[in-house]
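Have a look at run_11.cif; it's mmCIF, C-alpha atoms:
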data_coords
loop_
_atom_site.group_PDB
_atom_site.id
_atom_site.type_symbol
_atom_site.label_atom_id
_atom_site.label_comp_id
_atom_site.auth_asym_id
_atom_site.auth_seq_id
_atom_site.Cartn_x
_atom_site.Cartn_y
_atom_site.Cartn_z
ATOM 1 C CA MET A 17 -71.535 64.712 -43.101
ATOM 2 C CA MET A 18 -69.345 63.544 -40.278
ATOM 3 C CA LEU A 19 -71.316 62.684 -37.165
ATOM 4 C CA GLN A 20 -69.570 63.038 -33.871
ATOM 5 C CA ARG A 21 -70.308 61.041 -30.781
ATOM 6 C CA HIS A 22 -71.343 63.199 -27.866
ATOM 7 C CA GLN A 23 -71.418 61.906 -24.344
ATOM 8 C CA ARG A 24 -73.834 63.841 -22.182
ATOM 9 C CA LYS A 25 -73.876 63.480 -18.449
ATOM 10 C CA ASN A 26 -77.532 63.282 -17.561
ATOM 11 C CA VAL A 27 -78.160 66.169 -15.188
ATOM 12 C CA TYR A 28 -81.456 64.700 -14.062
ATOM 13 C CA SER A 29 -80.112 62.791 -11.087
ATOM 14 C CA ASP A 30 -81.616 62.204 -7.680
ATOM 15 C CA GLN A 31 -79.779 63.244 -4.566
ATOM 16 C CA GLN A 32 -80.464 61.792 -1.175
ATOM 17 C CA ASN A 33 -80.632 63.898 1.990
ATOM 18 C CA ASP A 34 -76.925 63.345 2.643
ATOM 19 C CA GLY A 35 -76.094 64.846 -0.776
ATOM 20 C CA VAL A 36 -75.059 61.526 -2.310
ATOM 21 C CA THR A 37 -76.282 60.979 -5.843
ATOM 22 C CA ALA A 38 -78.559 57.939 -5.884
ATOM 23 C CA VAL A 39 -79.423 57.658 -9.573
ATOM 24 C CA CYS A 40 -77.383 59.098 -12.409
ATOM 25 C CA PHE A 41 -76.359 57.910 -15.843
ATOM 26 C CA SER A 42 -74.801 59.290 -18.980
ATOM 27 C CA ILE A 43 -76.260 59.179 -22.463
ATOM 28 C CA GLU A 44 -74.215 58.937 -25.654
ATOM 29 C CA ILE A 45 -75.700 60.281 -28.851
ATOM 30 C CA TYR A 46 -74.502 60.887 -32.377
ATOM 31 C CA ALA A 47 -75.241 64.357 -33.678
ATOM 32 C CA CYS A 48 -73.881 66.988 -36.015
ATOM 33 C CA LEU A 49 -72.092 69.824 -34.271
ATOM 34 C CA GLN A 50 -73.372 72.493 -36.660
ATOM 35 C CA VAL A 51 -76.631 72.878 -38.521
ATOM 36 C CA LEU A 52 -75.273 71.944 -41.935
ATOM 37 C CA ASP A 53 -77.254 68.814 -42.681
ATOM 38 C CA PRO A 54 -80.695 69.432 -44.211
ATOM 39 C CA GLN A 55 -82.118 66.518 -42.217
ATOM 40 C CA TYR A 56 -83.436 67.994 -38.983
ATOM 41 C CA GLY A 57 -83.101 64.674 -37.190
ATOM 42 C CA MET A 58 -79.315 64.854 -37.080
ATOM 43 C CA TYR A 59 -79.147 67.425 -34.261
ATOM 44 C CA VAL A 60 -80.013 67.709 -30.598
ATOM 45 C CA TRP A 61 -82.633 70.456 -30.594
ATOM 46 C CA PRO A 62 -83.602 72.270 -27.377
ATOM 47 C CA CYS A 63 -86.994 70.540 -27.273
ATOM 48 C CA ALA A 64 -85.312 67.124 -27.132
ATOM 49 C CA VAL A 65 -83.445 68.167 -24.004
ATOM 50 C CA VAL A 66 -86.658 69.499 -22.416
ATOM 51 C CA LEU A 67 -88.610 66.331 -23.276
ATOM 52 C CA ALA A 68 -85.763 64.144 -21.980
ATOM 53 C CA GLN A 69 -85.944 66.047 -18.687
ATOM 54 C CA PHE A 70 -89.724 65.543 -18.592
ATOM 55 C CA VAL A 71 -89.230 61.810 -19.249
ATOM 56 C CA TRP A 72 -86.647 61.644 -16.461
ATOM 57 C CA THR A 73 -88.994 63.441 -14.070
ATOM 58 C CA HIS A 74 -91.747 60.897 -14.860
ATOM 59 C CA ARG A 75 -89.461 57.852 -14.967
ATOM 60 C CA ALA A 76 -91.465 56.012 -12.296
ATOM 61 C CA GLU A 77 -94.323 55.828 -14.799
ATOM 62 C CA LEU A 78 -92.118 54.245 -17.494
ATOM 63 C CA SER A 79 -90.658 51.101 -15.963
ATOM 64 C CA GLY A 80 -91.996 48.122 -17.909
ATOM 65 C CA LYS A 81 -94.035 50.352 -20.236
ATOM 66 C CA THR A 82 -93.898 50.429 -24.031
ATOM 67 C CA VAL A 83 -92.773 53.721 -25.540
ATOM 68 C CA LEU A 84 -92.629 54.902 -29.147
ATOM 69 C CA GLU A 85 -90.667 58.021 -30.040
ATOM 70 C CA ILE A 86 -91.835 59.542 -33.321
ATOM 71 C CA GLY A 87 -89.521 61.805 -35.296
ATOM 72 C CA ALA A 88 -86.778 60.466 -33.046
ATOM 73 C CA GLY A 89 -83.685 61.743 -34.861
ATOM 74 C CA VAL A 90 -80.860 61.406 -32.325
ATOM 75 C CA SER A 91 -83.385 59.774 -29.951
ATOM 76 C CA LEU A 92 -82.440 61.524 -26.706
ATOM 77 C CA PRO A 93 -85.912 61.356 -25.055
ATOM 78 C CA GLY A 94 -86.406 57.748 -26.173
ATOM 79 C CA VAL A 95 -82.991 56.663 -24.923
ATOM 80 C CA VAL A 96 -83.718 58.261 -21.542
ATOM 81 C CA ALA A 97 -87.056 56.387 -21.446
ATOM 82 C CA ALA A 98 -85.306 53.094 -22.213
ATOM 83 C CA ARG A 99 -82.642 53.739 -19.584
ATOM 84 C CA CYS A 100 -85.539 54.288 -17.147
ATOM 85 C CA GLY A 101 -86.859 50.795 -17.884
ATOM 86 C CA ALA A 102 -89.223 51.295 -20.844
ATOM 87 C CA ARG A 103 -89.429 48.985 -23.838
ATOM 88 C CA LEU A 104 -88.476 51.348 -26.664
ATOM 89 C CA PHE A 105 -89.433 51.721 -30.302
ATOM 90 C CA LEU A 106 -87.876 54.545 -32.317
ATOM 91 C CA SER A 107 -89.172 55.983 -35.573
ATOM 92 C CA ASP A 108 -88.228 58.630 -38.057
ATOM 93 C CA SER A 109 -89.013 59.341 -41.676
ATOM 94 C CA SER A 110 -88.888 56.306 -43.939
ATOM 95 C CA GLU A 111 -87.454 58.679 -46.548
ATOM 96 C CA LYS A 112 -84.404 59.521 -44.414
ATOM 97 C CA PRO A 113 -82.265 56.403 -43.957
ATOM 98 C CA SER A 114 -79.472 58.388 -42.285
ATOM 99 C CA CYS A 115 -81.897 59.444 -39.529
ATOM 100 C CA LEU A 116 -83.029 55.844 -39.071
ATOM 101 C CA GLN A 117 -79.400 54.733 -38.865
ATOM 102 C CA ASN A 118 -78.771 57.454 -36.305
ATOM 103 C CA CYS A 119 -81.617 56.071 -34.167
ATOM 104 C CA ARG A 120 -79.905 52.668 -34.268
ATOM 105 C CA ARG A 121 -76.535 54.191 -33.366
ATOM 106 C CA SER A 122 -78.011 55.991 -30.361
ATOM 107 C CA GLY A 123 -79.496 52.736 -29.063
ATOM 108 C CA GLU A 124 -76.264 50.817 -29.598
ATOM 109 C CA ALA A 125 -74.070 53.536 -28.053
ATOM 110 C CA ASN A 126 -76.154 53.321 -24.895
ATOM 111 C CA GLY A 127 -76.110 49.533 -24.620
ATOM 112 C CA LEU A 128 -79.802 49.203 -25.416
ATOM 113 C CA SER A 129 -80.573 45.831 -26.927
ATOM 114 C CA GLY A 130 -83.895 45.082 -28.541
ATOM 115 C CA VAL A 131 -84.674 48.644 -29.628
ATOM 116 C CA SER A 132 -86.695 48.474 -32.830
ATOM 117 C CA VAL A 133 -86.374 51.258 -35.391
ATOM 118 C CA LEU A 134 -89.076 51.781 -37.982
ATOM 119 C CA GLY A 135 -89.550 54.137 -40.877
ATOM 120 C CA LEU A 136 -92.655 56.257 -40.422
ATOM 121 C CA SER A 137 -93.592 59.100 -42.714
ATOM 122 C CA TRP A 138 -96.171 61.511 -41.332
ATOM 123 C CA GLY A 139 -99.732 60.760 -42.378
ATOM 124 C CA GLU A 140 -98.961 57.203 -43.507
ATOM 125 C CA VAL A 141 -99.768 53.936 -41.760
ATOM 126 C CA PRO A 142 -97.079 51.410 -42.720
ATOM 127 C CA PRO A 143 -97.462 47.718 -41.761
ATOM 128 C CA ASP A 144 -94.766 48.050 -39.072
ATOM 129 C CA LEU A 145 -96.921 50.614 -37.296
ATOM 130 C CA LEU A 146 -99.880 48.211 -37.266
ATOM 131 C CA LEU A 147 -97.705 45.459 -35.806
ATOM 132 C CA LEU A 148 -96.494 47.472 -32.815
ATOM 133 C CA PRO A 149 -97.531 46.147 -29.411
ATOM 134 C CA GLU A 150 -99.853 48.210 -27.253
ATOM 135 C CA LEU A 151 -98.203 51.553 -26.485
ATOM 136 C CA ASP A 152 -98.257 53.332 -23.150
ATOM 137 C CA VAL A 153 -96.487 56.543 -24.168
ATOM 138 C CA VAL A 154 -95.805 58.233 -27.494
ATOM 139 C CA LEU A 155 -92.968 60.765 -27.406
ATOM 140 C CA GLY A 156 -92.692 63.583 -29.940
ATOM 141 C CA SER A 157 -89.958 66.171 -29.551
ATOM 142 C CA ASP A 158 -90.510 69.254 -31.726
ATOM 143 C CA VAL A 159 -92.529 67.319 -34.300
ATOM 144 C CA PHE A 160 -94.543 70.484 -35.002
ATOM 145 C CA TYR A 161 -91.700 72.411 -36.633
ATOM 146 C CA ASP A 162 -92.958 72.646 -40.220
ATOM 147 C CA PRO A 163 -96.492 74.013 -40.742
ATOM 148 C CA GLU A 164 -96.768 72.063 -43.992
ATOM 149 C CA ASP A 165 -96.560 68.835 -41.971
ATOM 150 C CA PHE A 166 -98.959 69.720 -39.124
ATOM 151 C CA GLU A 167 -101.949 67.897 -40.580
ATOM 152 C CA ASP A 168 -99.962 64.754 -41.377
ATOM 153 C CA VAL A 169 -98.334 64.789 -37.927
ATOM 154 C CA LEU A 170 -101.767 65.096 -36.306
ATOM 155 C CA VAL A 171 -103.102 62.235 -38.452
ATOM 156 C CA THR A 172 -100.235 60.036 -37.260
ATOM 157 C CA ILE A 173 -100.695 60.965 -33.591
ATOM 158 C CA ALA A 174 -104.483 60.565 -33.810
ATOM 159 C CA PHE A 175 -104.044 57.104 -35.343
ATOM 160 C CA LEU A 176 -101.618 56.043 -32.594
ATOM 161 C CA LEU A 177 -103.891 57.313 -29.810
ATOM 162 C CA ARG A 178 -106.993 55.676 -31.301
ATOM 163 C CA LYS A 179 -105.131 52.391 -31.681
ATOM 164 C CA ASN A 180 -103.825 52.771 -28.097
ATOM 165 C CA PRO A 181 -106.611 54.494 -26.145
ATOM 166 C CA ARG A 182 -104.717 54.333 -22.841
ATOM 167 C CA ALA A 183 -101.542 55.806 -24.307
ATOM 168 C CA ARG A 184 -100.414 59.323 -23.552
ATOM 169 C CA PHE A 185 -98.669 61.698 -25.946
ATOM 170 C CA TRP A 186 -95.792 63.586 -24.348
ATOM 171 C CA THR A 187 -94.506 66.368 -26.551
ATOM 172 C CA THR A 188 -92.447 69.514 -26.572
ATOM 173 C CA TYR A 189 -92.503 72.170 -29.229
ATOM 174 C CA GLN A 190 -90.682 75.395 -29.874
ATOM 175 C CA ARG A 191 -92.669 78.544 -30.417
ATOM 176 C CA ARG A 192 -91.581 80.035 -33.705
ATOM 177 C CA LEU A 193 -93.005 83.139 -35.332
ATOM 178 C CA VAL A 194 -93.795 81.266 -38.525
ATOM 179 C CA HIS A 195 -95.455 78.487 -36.533
ATOM 180 C CA ARG A 196 -98.217 80.409 -34.819
ATOM 181 C CA GLY A 197 -100.679 77.686 -35.820
ATOM 182 C CA SER A 198 -98.908 74.985 -33.778
ATOM 183 C CA ALA A 199 -100.405 76.069 -30.457
ATOM 184 C CA ALA A 200 -103.887 76.000 -31.990
ATOM 185 C CA ALA A 201 -103.203 72.613 -33.566
ATOM 186 C CA LEU A 202 -101.970 71.258 -30.239
ATOM 187 C CA GLY A 203 -105.035 72.684 -28.514
ATOM 188 C CA SER A 204 -107.154 70.201 -30.447
ATOM 189 C CA GLY A 205 -107.144 67.694 -27.585
ATOM 190 C CA LEU A 206 -104.527 65.325 -29.002
ATOM 191 C CA HIS A 207 -102.162 65.692 -26.062
ATOM 192 C CA PRO A 208 -103.642 63.696 -23.175
ATOM 193 C CA GLY A 209 -100.354 63.615 -21.282
ATOM 194 C CA PRO A 210 -100.201 64.794 -17.695
ATOM 195 C CA SER A 211 -99.096 68.303 -18.597
ATOM 196 C CA GLY A 212 -100.040 68.649 -22.246
ATOM 197 C CA PRO A 213 -97.469 70.144 -24.585
ATOM 198 C CA VAL A 214 -94.420 71.711 -23.056
ATOM 199 C CA PRO A 215 -93.080 74.725 -24.949
ATOM 200 C CA CYS A 216 -89.303 75.031 -25.214
#

Please lay out the structure from this file as structure tokens.
Amino acid sequence: MMLQRHQRKNVYSDQQNDGVTAVCFSIEIYACLQVLDPQYGMYVWPCAVVLAQFVWTHRAELSGKTVLEIGAGVSLPGVVAARCGARLFLSDSSEKPSCLQNCRRSGEANGLSGVSVLGLSWGEVPPDLLLLPELDVVLGSDVFYDPEDFEDVLVTIAFLLRKNPRARFWTTYQRRLVHRGSAAALGSGLHPGPSGPVPC
């Protein structure tokens, strides 16, 4: 599968009273143009764009903070967090090396040095996860897409929030007819972020 580099102009800029843009940057990501690859993490899904906008809106809370994006795929929300001054860790399935490589590419394409990428399969606690520094924010864009994985995703998030009691979980999810249980699962209190889950 040929991945193409996409440069996105970040539309989440600030404008001063005189109409001059004060803060603006572009993000480069590698993604498939069509949904042909069976690995979900190779695409920019609508929830990633929504979460990236949420991250941008709350960028003042991220400077100097430690952020982990789970199920990162093309890593758009995580890259935005890093560009806003956060120390970034990216993760995706340990069983999908192409997704992990894509996380690395996204960091490199955006000039982010020191971004660590770790393999993390839902419901498992690998040694790398135990060695992470204290987290301030956990990002999860559309991680509740497959009902078969809900329990394992919740186990992972619960572990991260217990290990990091001050951390917040910022997530977006897409309402799908087959995923009616996701709203109930998210209503379990595992989303202590400022706004809770944000539907796409």

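Across the structure, atom CA of A:Leu92 and atom CA of A:Ala68 are spaced 6.3 Å apart.
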
| Expanded to explicit residues, what is the PyMOL selection byres ((chain A and resi 182) around 9) for this file, as an MDAnalysis selection string? | chainID A and resid 150:153 177:178 180:181 183:184

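Straight-line separation from atom CA of A:Gly80 to atom CA of A:Ile173: 22.1 Å.
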
| field | Hits from the PyMOL selection byres ((chain A and resi 87) around 7), listed as a list in words | value | Glu85, Ile86, Ala88, Gly89, Ser107, Asp108, Ser109, Gly156 and Val159 of chain A

| task | Please measure the separation of atom CA of A:Glu111 and atom CA of A:Glu140, giving the value in Å to one decimal. | result |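 These two atoms are separated by 12.0 Å.
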
| request: Starting from the displayed file, determine the output of the PyMOL selection byres ((chain A and resi 81) around 7) and express the residue list as a list in words. | output: Leu78, Ser79, Gly80, Thr82, Val83, Ala102, Arg103 and Asp152 of chain A

| Hey, what's within 10 Å of A:Gly139 if we count all atoms listed in the file and toss same-chain stuff fewer than 3 positions away? As number ranges by chain, please? | A: 136, 142, 165-175

| task | Return the single residue from A:Gln69, A:Ser157, A:Asn118, A:Gln190 that is closest to A:Val133, with distances computed using all atoms listed in the file. | result |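 Going through A:Gln69, A:Ser157, A:Asn118, A:Gln190 one by one, the smallest distance to A:Val133 is for A:Asn118.
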
| query | Taking into account all atoms listed in the file, which residue in the set A:Val90, A:Ala97, A:Leu84, A:Cys115 is nearest to A:Ser132? | reply | A:Leu84

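Closest approach to A:Thr188 from the set A:Cys63, A:Leu128, A:Leu104, A:Leu148 is made by A:Cys63, with distances taken over only C-alpha atoms.
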
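Distance check against A:Arg75 using all atoms listed in the file: of A:Arg99, A:Lys179, A:Lys112, A:Arg120, the minimum falls on A:Arg99.
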
| query | So, counting all atoms listed in the file, which residue among A:Trp186, A:Leu134, A:Ser122, A:Tyr161 is closest to A:Phe105? | reply | A:Leu134
